[in-house]
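Listing of coords.pdb; format and content: PDB, C-alpha atoms, pLDDT in the B column.
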ATOM      1  CA  MET A 101       9.000   2.053   9.610  1.00 40.00           C
ATOM      2  CA  SER A 102       8.998  -1.696   9.335  1.00 43.00           C
ATOM      3  CA  ILE A 103       9.262  -3.558   6.081  1.00 42.00           C
ATOM      4  CA  ALA A 104       5.662  -4.662   6.572  1.00 44.00           C
ATOM      5  CA  GLU A 105       4.525  -1.027   6.672  1.00 44.00           C
ATOM      6  CA  ILE A 106       6.180   0.028   3.410  1.00 44.00           C
ATOM      7  CA  GLY A 107       3.614   0.945   0.817  1.00 44.00           C
ATOM      8  CA  THR A 108       0.663   0.811   3.183  1.00 43.00           C
ATOM      9  CA  THR A 109      -0.034   4.530   3.321  1.00 47.00           C
ATOM     10  CA  GLU A 110      -1.616   6.757   0.721  1.00 47.00           C
ATOM     11  CA  PRO A 111       0.342   9.691  -0.774  1.00 50.00           C
ATOM     12  CA  ALA A 112       0.038  12.815   1.354  1.00 55.00           C
ATOM     13  CA  GLU A 113      -0.789  14.954  -1.662  1.00 56.00           C
ATOM     14  CA  PRO A 114      -1.693  14.500  -5.326  1.00 49.00           C
ATOM     15  CA  THR A 115       1.219  13.777  -7.632  1.00 53.00           C
ATOM     16  CA  ASP A 116      -0.318  14.925 -10.916  1.00 55.00           C
ATOM     17  CA  GLY A 117       2.030  17.543 -12.360  1.00 61.00           C
ATOM     18  CA  HIS A 118       3.814  18.004  -9.033  1.00 65.00           C
ATOM     19  CA  THR A 119       7.583  17.620  -8.964  1.00 75.00           C
ATOM     20  CA  HIS A 120       9.231  16.035  -5.976  1.00 80.00           C
ATOM     21  CA  GLY A 121      12.479  16.982  -4.296  1.00 77.00           C
ATOM     22  CA  TYR A 122      13.953  13.602  -5.177  1.00 85.00           C
ATOM     23  CA  ASP A 123      13.359  13.974  -8.940  1.00 80.00           C
ATOM     24  CA  ALA A 124      16.995  15.007  -9.515  1.00 81.00           C
ATOM     25  CA  HIS A 125      18.363  11.707  -8.172  1.00 86.00           C
ATOM     26  CA  LYS A 126      15.445   9.346  -8.577  1.00 92.00           C
ATOM     27  CA  ASP A 127      17.666   6.825 -10.402  1.00 93.00           C
ATOM     28  CA  ASP A 128      20.031   6.649  -7.423  1.00 93.00           C
ATOM     29  CA  LEU A 129      17.126   6.072  -5.040  1.00 95.00           C
ATOM     30  CA  LEU A 130      15.727   3.340  -7.277  1.00 95.00           C
ATOM     31  CA  LYS A 131      19.141   1.678  -7.426  1.00 95.00           C
ATOM     32  CA  ARG A 132      19.366   1.710  -3.626  1.00 95.00           C
ATOM     33  CA  LEU A 133      15.855   0.297  -3.329  1.00 96.00           C
ATOM     34  CA  ARG A 134      16.619  -2.506  -5.779  1.00 96.00           C
ATOM     35  CA  ARG A 135      19.725  -3.335  -3.769  1.00 95.00           C
ATOM     36  CA  ALA A 136      17.677  -3.463  -0.543  1.00 96.00           C
ATOM     37  CA  GLU A 137      15.104  -5.629  -2.299  1.00 97.00           C
ATOM     38  CA  GLY A 138      17.885  -8.033  -3.262  1.00 97.00           C
ATOM     39  CA  GLN A 139      19.080  -8.081   0.338  1.00 97.00           C
ATOM     40  CA  VAL A 140      15.593  -8.987   1.545  1.00 97.00           C
ATOM     41  CA  ARG A 141      15.341 -11.787  -1.024  1.00 98.00           C
ATOM     42  CA  GLY A 142      18.719 -13.018   0.214  1.00 97.00           C
ATOM     43  CA  ILE A 143      17.419 -13.032   3.778  1.00 98.00           C
ATOM     44  CA  GLN A 144      14.410 -15.080   2.683  1.00 98.00           C
ATOM     45  CA  ARG A 145      16.763 -17.591   1.075  1.00 98.00           C
ATOM     46  CA  MET A 146      18.855 -17.735   4.221  1.00 98.00           C
ATOM     47  CA  VAL A 147      15.787 -18.576   6.304  1.00 98.00           C
ATOM     48  CA  GLU A 148      14.646 -21.172   3.757  1.00 98.00           C
ATOM     49  CA  GLU A 149      18.118 -22.746   3.920  1.00 98.00           C
ATOM     50  CA  ASP A 150      18.158 -22.721   7.734  1.00 97.00           C
ATOM     51  CA  SER A 151      21.141 -20.364   7.963  1.00 97.00           C
ATOM     52  CA  TYR A 152      22.647 -19.522  11.333  1.00 98.00           C
ATOM     53  CA  CYS A 153      20.359 -17.058  13.126  1.00 97.00           C
ATOM     54  CA  ILE A 154      23.099 -14.501  13.855  1.00 98.00           C
ATOM     55  CA  ASP A 155      23.999 -14.422  10.146  1.00 98.00           C
ATOM     56  CA  VAL A 156      20.337 -13.777   9.283  1.00 98.00           C
ATOM     57  CA  ILE A 157      20.125 -11.014  11.892  1.00 98.00           C
ATOM     58  CA  THR A 158      23.262  -9.421  10.460  1.00 97.00           C
ATOM     59  CA  GLN A 159      21.677  -9.339   7.006  1.00 97.00           C
ATOM     60  CA  VAL A 160      18.406  -7.955   8.380  1.00 98.00           C
ATOM     61  CA  SER A 161      20.406  -5.177  10.005  1.00 97.00           C
ATOM     62  CA  ALA A 162      22.156  -4.395   6.710  1.00 96.00           C
ATOM     63  CA  ALA A 163      18.833  -4.272   4.826  1.00 97.00           C
ATOM     64  CA  THR A 164      17.314  -2.063   7.518  1.00 96.00           C
ATOM     65  CA  LYS A 165      20.240   0.363   7.295  1.00 95.00           C
ATOM     66  CA  ALA A 166      19.919   0.452   3.500  1.00 95.00           C
ATOM     67  CA  LEU A 167      16.239   1.400   3.773  1.00 96.00           C
ATOM     68  CA  GLU A 168      17.033   3.966   6.457  1.00 95.00           C
ATOM     69  CA  ARG A 169      19.560   5.596   4.100  1.00 94.00           C
ATOM     70  CA  VAL A 170      16.863   5.830   1.423  1.00 95.00           C
ATOM     71  CA  ALA A 171      14.429   7.330   3.929  1.00 95.00           C
ATOM     72  CA  LEU A 172      16.991   9.906   5.102  1.00 94.00           C
ATOM     73  CA  ALA A 173      17.777  10.911   1.517  1.00 94.00           C
ATOM     74  CA  LEU A 174      14.061  11.340   0.826  1.00 93.00           C
ATOM     75  CA  LEU A 175      13.613  13.328   4.032  1.00 93.00           C
ATOM     76  CA  ASP A 176      16.510  15.599   3.118  1.00 93.00           C
ATOM     77  CA  ASP A 177      14.973  16.181  -0.302  1.00 92.00           C
ATOM     78  CA  HIS A 178      11.582  16.848   1.254  1.00 90.00           C
ATOM     79  CA  LEU A 179      13.032  19.424   3.635  1.00 92.00           C
ATOM     80  CA  SER A 180      15.073  21.214   0.996  1.00 91.00           C
ATOM     81  CA  HIS A 181      12.340  21.197  -1.638  1.00 90.00           C
ATOM     82  CA  CYS A 182       8.788  20.831  -0.300  1.00 88.00           C
ATOM     83  CA  VAL A 183       9.229  22.341   3.164  1.00 91.00           C
ATOM     84  CA  SER A 184      11.449  25.112   1.857  1.00 89.00           C
ATOM     85  CA  ASP A 185       8.873  26.053  -0.796  1.00 89.00           C
ATOM     86  CA  ALA A 186       6.087  25.992   1.796  1.00 90.00           C
ATOM     87  CA  ALA A 187       8.144  28.144   4.164  1.00 91.00           C
ATOM     88  CA  THR A 188       8.321  30.892   1.554  1.00 90.00           C
ATOM     89  CA  LYS A 189       4.509  30.812   1.300  1.00 91.00           C
ATOM     90  CA  GLY A 190       4.135  30.936   5.073  1.00 91.00           C
ATOM     91  CA  GLY A 191       0.960  30.548   7.075  1.00 92.00           C
ATOM     92  CA  ALA A 192      -0.992  27.319   7.285  1.00 92.00           C
ATOM     93  CA  ILE A 193       0.825  25.794   4.302  1.00 90.00           C
ATOM     94  CA  ALA A 194       4.201  26.183   6.025  1.00 92.00           C
ATOM     95  CA  GLU A 195       2.821  24.938   9.337  1.00 92.00           C
ATOM     96  CA  GLY A 196       1.336  21.887   7.620  1.00 92.00           C
ATOM     97  CA  LYS A 197       4.580  20.966   5.850  1.00 92.00           C
ATOM     98  CA  LEU A 198       6.609  21.422   9.036  1.00 92.00           C
ATOM     99  CA  LYS A 199       4.185  19.185  10.944  1.00 93.00           C
ATOM    100  CA  GLU A 200       4.314  16.610   8.154  1.00 92.00           C
ATOM    101  CA  ALA A 201       8.143  16.599   8.218  1.00 93.00           C
ATOM    102  CA  SER A 202       8.195  16.394  12.016  1.00 93.00           C
ATOM    103  CA  ASP A 203       5.817  13.424  11.934  1.00 95.00           C
ATOM    104  CA  ALA A 204       7.975  11.694   9.301  1.00 93.00           C
ATOM    105  CA  ILE A 205      11.081  12.175  11.459  1.00 93.00           C
ATOM    106  CA  ALA A 206       9.228  10.749  14.461  1.00 94.00           C
ATOM    107  CA  ARG A 207       8.287   7.643  12.423  1.00 93.00           C
ATOM    108  CA  LEU A 208      11.904   7.174  11.364  1.00 90.00           C
ATOM    109  CA  VAL A 209      13.312   7.266  14.878  1.00 90.00           C
ATOM    110  CA  ARG A 210      10.763   4.888  16.438  1.00 87.00           C
TER     111      ARG A 210
END
Rendering of file as structure tokens:
Amino acid sequence: MSIAEIGTTEPAEPTDGHTHGYDAHKDDLLKRLRRAEGQVRGIQRMVEEDSYCIDVITQVSAATKALERVALALLDDHLSHCVSDAATKGGAIAEGKLKEASDAIARLVR
């Protein structure tokens, strides 16, 4: 997923009263996201200040990796919480959650 795509999709399911797999370490995820946000602001400053292109690319790579780590943590939580719960229910619910997880993995590796 590119930075431009973040926040452009609607939630897959309603969140009212629903707990998410990441609830237990939401603060850690938010801290990582704030750090990545700071990295992106730093990259913007670098471009504004006409920094050397390789230095900018290096920082873009670091920010990308930071966001990928967040995505992988969220995916792990989704598999161990949402998909696991759906698997115990079986049927179409389990199939739907497995397809959803598979699609998310495919988006991450593109």
Point to revise | Distance in Å - CA of Arg210 in chain A versus CA of Ala171 in chain A | key: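 CA of Arg210 in chain A sits 13.3 Å away from CA of Ala171 in chain A.
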Practice item. Could you tell me which residues the PyMOL selection byres ((chain A and resi 169) around 12) returns for this structure, as a PyMOL selection string? Key: chain A and resi 128-129+132-133+135-136+162-168+170-176+208
Exercise for review: Would you list the contacts of Ile157 in chain A as a PyMOL selection string, taking every protein, DNA or RNA residue within 12 Å and counting only C-alpha atoms, but skipping same-chain residues closer than 4 positions in sequence?
Suggested key: chain A and resi 139-140+142-144+146-147+151-153+161-164
Practice item. Find the distance between CA of Val160 in chain A and CA of Gly138 in chain A and write it in Å to one decimal. Key: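 It comes out at 11.7 Å.
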With 10 Å as the cut-off and only C-alpha atoms counted, what is the closest atom pair between each nearby residue of range 111-166 of chain A and range 179-196 of chain A? Distances in Å to one decimal, ordered by chain and number, as a Markdown table.
| residue | atom | partner | partner_atom | distance |
| --- | --- | --- | --- | --- |
| A:Thr119 | CA | A:Cys182 | CA | 9.3 |
| A:His120 | CA | A:His181 | CA | 7.4 |
| A:Gly121 | CA | A:His181 | CA | 5.0 |
| A:Tyr122 | CA | A:His181 | CA | 8.5 |
Show me, as AutoDock Vina command-line options, the centre and edge lengths in Å to one decimal of the axis-aligned box that covers every listed atom of range 170-185 of chain A with 6 Å on each side.
--center_x 13.3 --center_y 15.9 --center_z 1.7 --size_x 21.0 --size_y 32.2 --size_z 18.7
Check your understanding: What is the distance, in Å and to one decimal place, between CA of His178 in chain A and CA of Ala124 in chain A?
Key -> 12.2 Å
